[in-house]
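**Q** Have a look at this one before I ask anything.
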Amino acid sequence: MKYIRQLLIILAVSFAGEILHALLPLPVPASIYGLVLMLALLMSGVLKLHHVRETALFLIDIMPLLFIPAGVGLITAWSVLKPILLPTVIITLVVTLVVMAVTGHVTQAVIRLSGRRHHG
Amino acid sequence: MAEFLQNSLFFGAFASIGAYMLGVLIKNKLKLAILNPLLIAIVLLIAFLAAFHLDYEVYSESAAYLSYLLTPATVCLAVPLYQQLETLKKNWVAIVCGIAAGTVAGLGSVLGLAALFGLSHEEYVTFLPKSITTAIGMGVSQELGGITAITVAVIILTGIQGNIMAEGILRLLRITEPVARGLAVGTSAHAIGTTRAMELGETEGAMSSLAIAVAGLITVAAASIFAGFY
């Protein structure tokens, strides 16, 4: 019974995300509306953690598997990628590193600055 | 054989999970960061299809049942995020600054590299949403007039790269605050990176989940501005 209720709630929120995606003219997918909606429901206390916990953790645990079909699908993109392969590879590598470095260092610097202000 | 496999209901999901488990075994045996289970699974499956001259559809027909769970699983990322709500409230200024700075730096470096390689405007806007989650990125690329098939491929490559390299890069760059580590992975490598961030720690996983949504939404607004620069 526990899993039935948890699955019901998770699918209901996913479905609500689809409805929002259809109604609102923004390039935001159902999954992101659903994520925000689920967070709002938990924060407002409408949902308690135990209403979704085990099934949610199961789905998050298997999440790496869910990207395998898209990854294998890269073979179908080979013909369009081939002509611009070198720029594609370099842009992918460099930009990913830049974003990771800037996000990490800016966040870390702000945390440490505000930490010093509070404690020092 | 192709017809039997394509009509199978279980082949794709079975082969995916089997290849992933094989990847886990190989990784545990050899302990090399490049031997990432997700990468191994993708390479093995592509090699299998190529070796037997099978079309992607032979595999994808029944592997699509895995992709079906992606939306509910993403919705569930709210759970670890909710469990880290105190961390979120305490660090919200740093979180907003970090994700915004990283996202703008990413768009800026796409701009710089596009100019360097002399890409067309169409190719430039194709790369702009490369760091964000597939569903948002596709929409942005389409709206700006990009080539969505390439955008999707680059987004997936980005995620796999982030998933493989996150731990090493964070160590190399001396990014040690768990909040900063999670945001760095989520902002640069969206949901595919987040699956790795979950393994780095609870705070890392939650912050990476948050970054998928926030970086995605900032990019929706900022990419349309950046599209006018080149």
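Each chain of the structure tokens is named A, B, ... in the order shown, its residues numbered from 1; ligands are numbered from 1 in display order.
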With a distance cut-off of 9 Å and only C-alpha atoms, select the neighbouring residues of range 82-94 of chain A, excluding the residue or stretch itself and same-chain residues fewer than 5 positions from it, and output the selection as a list in words.

**A** Ala77 and Val99 of chain A; Ser109, Val110, Leu113, Ala114, Phe117, Leu119, Phe127, Lys130, Ser131, Val154, Ile155, Leu157, Thr158 and Gln161 of chain B

**Q** Would you put the residues from that selection into a file with C-alpha atoms, as a compact mmCIF listing (two decimals), in the first residue's frame?

**A**
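File produced: part18.txt:
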# COMPACT_ATOMS: atom_id res chain seq x y z
CA ALA A 77 23.64 12.10 -34.49
CA VAL A 99 31.29 26.47 -16.01
CA SER B 109 32.96 31.02 -23.51
CA VAL B 110 30.64 29.59 -26.19
CA LEU B 113 34.99 29.85 -29.08
CA ALA B 114 32.36 30.39 -31.79
CA PHE B 117 36.29 28.79 -34.92
CA LEU B 119 31.10 29.28 -36.66
CA PHE B 127 25.90 25.40 -28.73
CA LYS B 130 24.85 23.01 -24.08
CA SER B 131 25.22 22.96 -20.28
CA VAL B 154 26.31 18.05 -27.23
CA ILE B 155 24.18 18.23 -24.08
CA LEU B 157 28.31 14.58 -24.29
CA THR B 158 28.59 17.43 -21.76
CA GLN B 161 32.04 14.46 -19.50

**Q** Would you list the contacts of range 40-57 of chain A as a compact mmCIF listing (two decimals) with all heavy atoms, in the first residue's frame, taking every protein, DNA or RNA residue within 9 Å and counting only C-alpha atoms, but skipping same-chain residues closer than 5 positions in sequence?

**A**
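Saved the output as selection-v3.txt:
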# COMPACT_ATOMS: atom_id res chain seq x y z
N LYS A 2 1.94 1.22 0.79
CA LYS A 2 2.83 2.37 0.88
C LYS A 2 3.36 2.78 -0.50
O LYS A 2 3.33 3.95 -0.86
CB LYS A 2 4.01 2.00 1.80
CG LYS A 2 5.02 3.13 1.95
CD LYS A 2 6.06 2.79 3.01
CE LYS A 2 7.17 1.92 2.41
NZ LYS A 2 8.17 1.52 3.41
N TYR A 3 3.82 1.78 -1.29
CA TYR A 3 4.41 2.08 -2.59
C TYR A 3 3.36 2.55 -3.59
O TYR A 3 3.65 3.36 -4.47
CB TYR A 3 5.16 0.85 -3.13
CG TYR A 3 6.40 0.56 -2.31
CD1 TYR A 3 6.45 -0.50 -1.42
CD2 TYR A 3 7.52 1.38 -2.43
CE1 TYR A 3 7.57 -0.75 -0.66
CE2 TYR A 3 8.65 1.15 -1.67
CZ TYR A 3 8.67 0.07 -0.78
OH TYR A 3 9.79 -0.15 -0.03
N ARG A 5 0.71 4.36 -2.88
CA ARG A 5 0.43 5.77 -2.61
C ARG A 5 1.59 6.66 -3.06
O ARG A 5 1.37 7.72 -3.66
CB ARG A 5 0.16 5.97 -1.11
CG ARG A 5 -0.32 7.39 -0.83
CD ARG A 5 -0.75 7.57 0.60
NE ARG A 5 0.36 7.31 1.50
CZ ARG A 5 0.24 7.30 2.84
NH1 ARG A 5 -0.92 7.49 3.40
NH2 ARG A 5 1.29 7.08 3.59
N GLN A 6 2.83 6.21 -2.81
CA GLN A 6 3.98 7.01 -3.20
C GLN A 6 4.06 7.17 -4.72
O GLN A 6 4.30 8.26 -5.24
CB GLN A 6 5.27 6.37 -2.67
CG GLN A 6 5.33 6.39 -1.15
CD GLN A 6 6.68 5.96 -0.60
OE1 GLN A 6 7.50 5.40 -1.31
NE2 GLN A 6 6.89 6.24 0.68
N LEU A 7 3.80 6.06 -5.43
CA LEU A 7 3.84 6.10 -6.89
C LEU A 7 2.73 7.01 -7.43
O LEU A 7 2.94 7.79 -8.36
CB LEU A 7 3.68 4.67 -7.43
CG LEU A 7 4.11 4.44 -8.87
CD1 LEU A 7 5.55 4.86 -9.08
CD2 LEU A 7 3.93 2.98 -9.24
N ILE A 9 1.42 9.62 -5.98
CA ILE A 9 1.75 11.03 -5.78
C ILE A 9 2.81 11.50 -6.78
O ILE A 9 2.67 12.55 -7.41
CB ILE A 9 2.24 11.27 -4.33
CG1 ILE A 9 1.08 11.04 -3.35
CG2 ILE A 9 2.81 12.67 -4.17
CD1 ILE A 9 1.49 10.98 -1.90
N ILE A 10 3.84 10.67 -6.98
CA ILE A 10 4.92 11.06 -7.90
C ILE A 10 4.39 11.19 -9.33
O ILE A 10 4.72 12.15 -10.04
CB ILE A 10 6.08 10.05 -7.82
CG1 ILE A 10 6.77 10.17 -6.45
CG2 ILE A 10 7.09 10.28 -8.94
CD1 ILE A 10 7.69 9.02 -6.11
N LEU A 35 9.42 19.21 -10.52
CA LEU A 35 10.41 19.32 -9.44
C LEU A 35 10.06 20.49 -8.51
O LEU A 35 10.03 20.35 -7.29
CB LEU A 35 11.80 19.52 -10.05
CG LEU A 35 13.06 19.31 -9.19
CD1 LEU A 35 14.28 19.23 -10.09
CD2 LEU A 35 13.29 20.38 -8.16
N ILE A 62 18.22 4.74 -9.48
CA ILE A 62 18.37 4.13 -10.81
C ILE A 62 18.55 5.18 -11.90
O ILE A 62 18.63 4.85 -13.09
CB ILE A 62 17.17 3.21 -11.18
CG1 ILE A 62 15.87 4.01 -11.28
CG2 ILE A 62 17.02 2.07 -10.18
CD1 ILE A 62 14.76 3.25 -12.01
N PRO B 72 9.47 11.40 -13.93
CA PRO B 72 9.22 11.15 -12.50
C PRO B 72 10.49 11.18 -11.64
O PRO B 72 10.47 11.70 -10.52
CB PRO B 72 8.59 9.74 -12.47
CG PRO B 72 8.23 9.41 -13.86
CD PRO B 72 8.89 10.35 -14.79
N ALA B 73 11.60 10.66 -12.18
CA ALA B 73 12.84 10.67 -11.39
C ALA B 73 13.33 12.09 -11.16
O ALA B 73 13.78 12.43 -10.06
CB ALA B 73 13.92 9.85 -12.11
N VAL B 75 11.45 14.77 -11.05
CA VAL B 75 10.52 15.34 -10.05
C VAL B 75 10.98 14.97 -8.64
O VAL B 75 10.95 15.78 -7.72
CB VAL B 75 9.08 14.83 -10.32
CG1 VAL B 75 8.15 15.16 -9.17
CG2 VAL B 75 8.54 15.40 -11.62
N CYS B 76 11.45 13.74 -8.48
CA CYS B 76 11.87 13.23 -7.17
C CYS B 76 13.15 13.89 -6.66
O CYS B 76 13.47 13.75 -5.47
CB CYS B 76 12.04 11.72 -7.21
SG CYS B 76 10.48 10.88 -7.41
N LEU B 77 13.88 14.58 -7.53
CA LEU B 77 15.08 15.30 -7.05
C LEU B 77 14.68 16.35 -6.01
O LEU B 77 15.53 16.85 -5.26
CB LEU B 77 15.82 15.96 -8.22
CG LEU B 77 16.52 15.00 -9.20
CD1 LEU B 77 17.10 15.77 -10.38
CD2 LEU B 77 17.64 14.23 -8.49
N ALA B 78 13.40 16.70 -5.95
CA ALA B 78 12.91 17.63 -4.93
C ALA B 78 13.09 17.06 -3.52
O ALA B 78 13.20 17.82 -2.56
CB ALA B 78 11.44 17.96 -5.18
N VAL B 79 13.13 15.72 -3.40
CA VAL B 79 13.22 15.10 -2.07
C VAL B 79 14.58 15.36 -1.39
O VAL B 79 14.61 15.91 -0.29
CB VAL B 79 12.88 13.59 -2.12
CG1 VAL B 79 13.21 12.89 -0.82
CG2 VAL B 79 11.40 13.43 -2.44
N PRO B 80 15.72 15.02 -2.04
CA PRO B 80 17.00 15.39 -1.41
C PRO B 80 17.15 16.89 -1.23
O PRO B 80 17.74 17.35 -0.24
CB PRO B 80 18.06 14.85 -2.38
CG PRO B 80 17.35 14.46 -3.62
CD PRO B 80 15.93 14.21 -3.25
N TYR B 82 14.74 19.01 -0.58
CA TYR B 82 13.94 19.37 0.60
C TYR B 82 14.68 19.00 1.89
O TYR B 82 14.67 19.74 2.87
CB TYR B 82 12.58 18.67 0.54
CG TYR B 82 11.75 18.86 1.77
CD1 TYR B 82 11.18 20.11 2.05
CD2 TYR B 82 11.53 17.82 2.68
CE1 TYR B 82 10.42 20.31 3.19
CE2 TYR B 82 10.77 18.01 3.81
CZ TYR B 82 10.22 19.25 4.07
OH TYR B 82 9.47 19.45 5.20
N GLN B 83 15.37 17.86 1.85
CA GLN B 83 16.11 17.43 3.04
C GLN B 83 17.30 18.33 3.34
O GLN B 83 17.83 18.32 4.44
CB GLN B 83 16.58 15.96 2.86
CG GLN B 83 15.42 14.98 2.94
CD GLN B 83 15.83 13.56 2.64
OE1 GLN B 83 16.52 13.29 1.66
NE2 GLN B 83 15.42 12.63 3.48
N LEU B 85 17.12 21.70 2.90
CA LEU B 85 16.53 23.03 2.82
C LEU B 85 17.28 24.06 3.68
O LEU B 85 17.43 25.21 3.31
CB LEU B 85 15.06 22.96 3.24
CG LEU B 85 14.13 23.95 2.57
CD1 LEU B 85 14.22 23.85 1.05
CD2 LEU B 85 12.69 23.70 3.01

**Q** Taking into account only C-alpha atoms, which residue in the set B:Leu70, B:Ala189, B:Val93, B:Leu183 is nearest to Ile160 in chain B?

**A**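 Among B:Leu70, B:Ala189, B:Val93, B:Leu183, it is B:Ala189 that comes nearest to Ile160 in chain B.
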
**Q** Which residue is closest to Gly205 in chain B? Choose from A:Val13, A:Met1, A:Ile68, A:Ile60 and count only C-alpha atoms.

**A**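 Result for the nearest residue to Gly205 in chain B: A:Ile60.
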
**Q** Please run DSSP on the backbone and report, as a VMD selection string, all residues within chain B that come out as alpha helix (DSSP H).

**A** chain B and resid 2 to 7 11 to 30 37 to 51 56 to 68 70 to 76 78 to 83 85 to 90 92 to 117 121 to 127 134 to 144 148 to 172 178 to 200 202 to 226
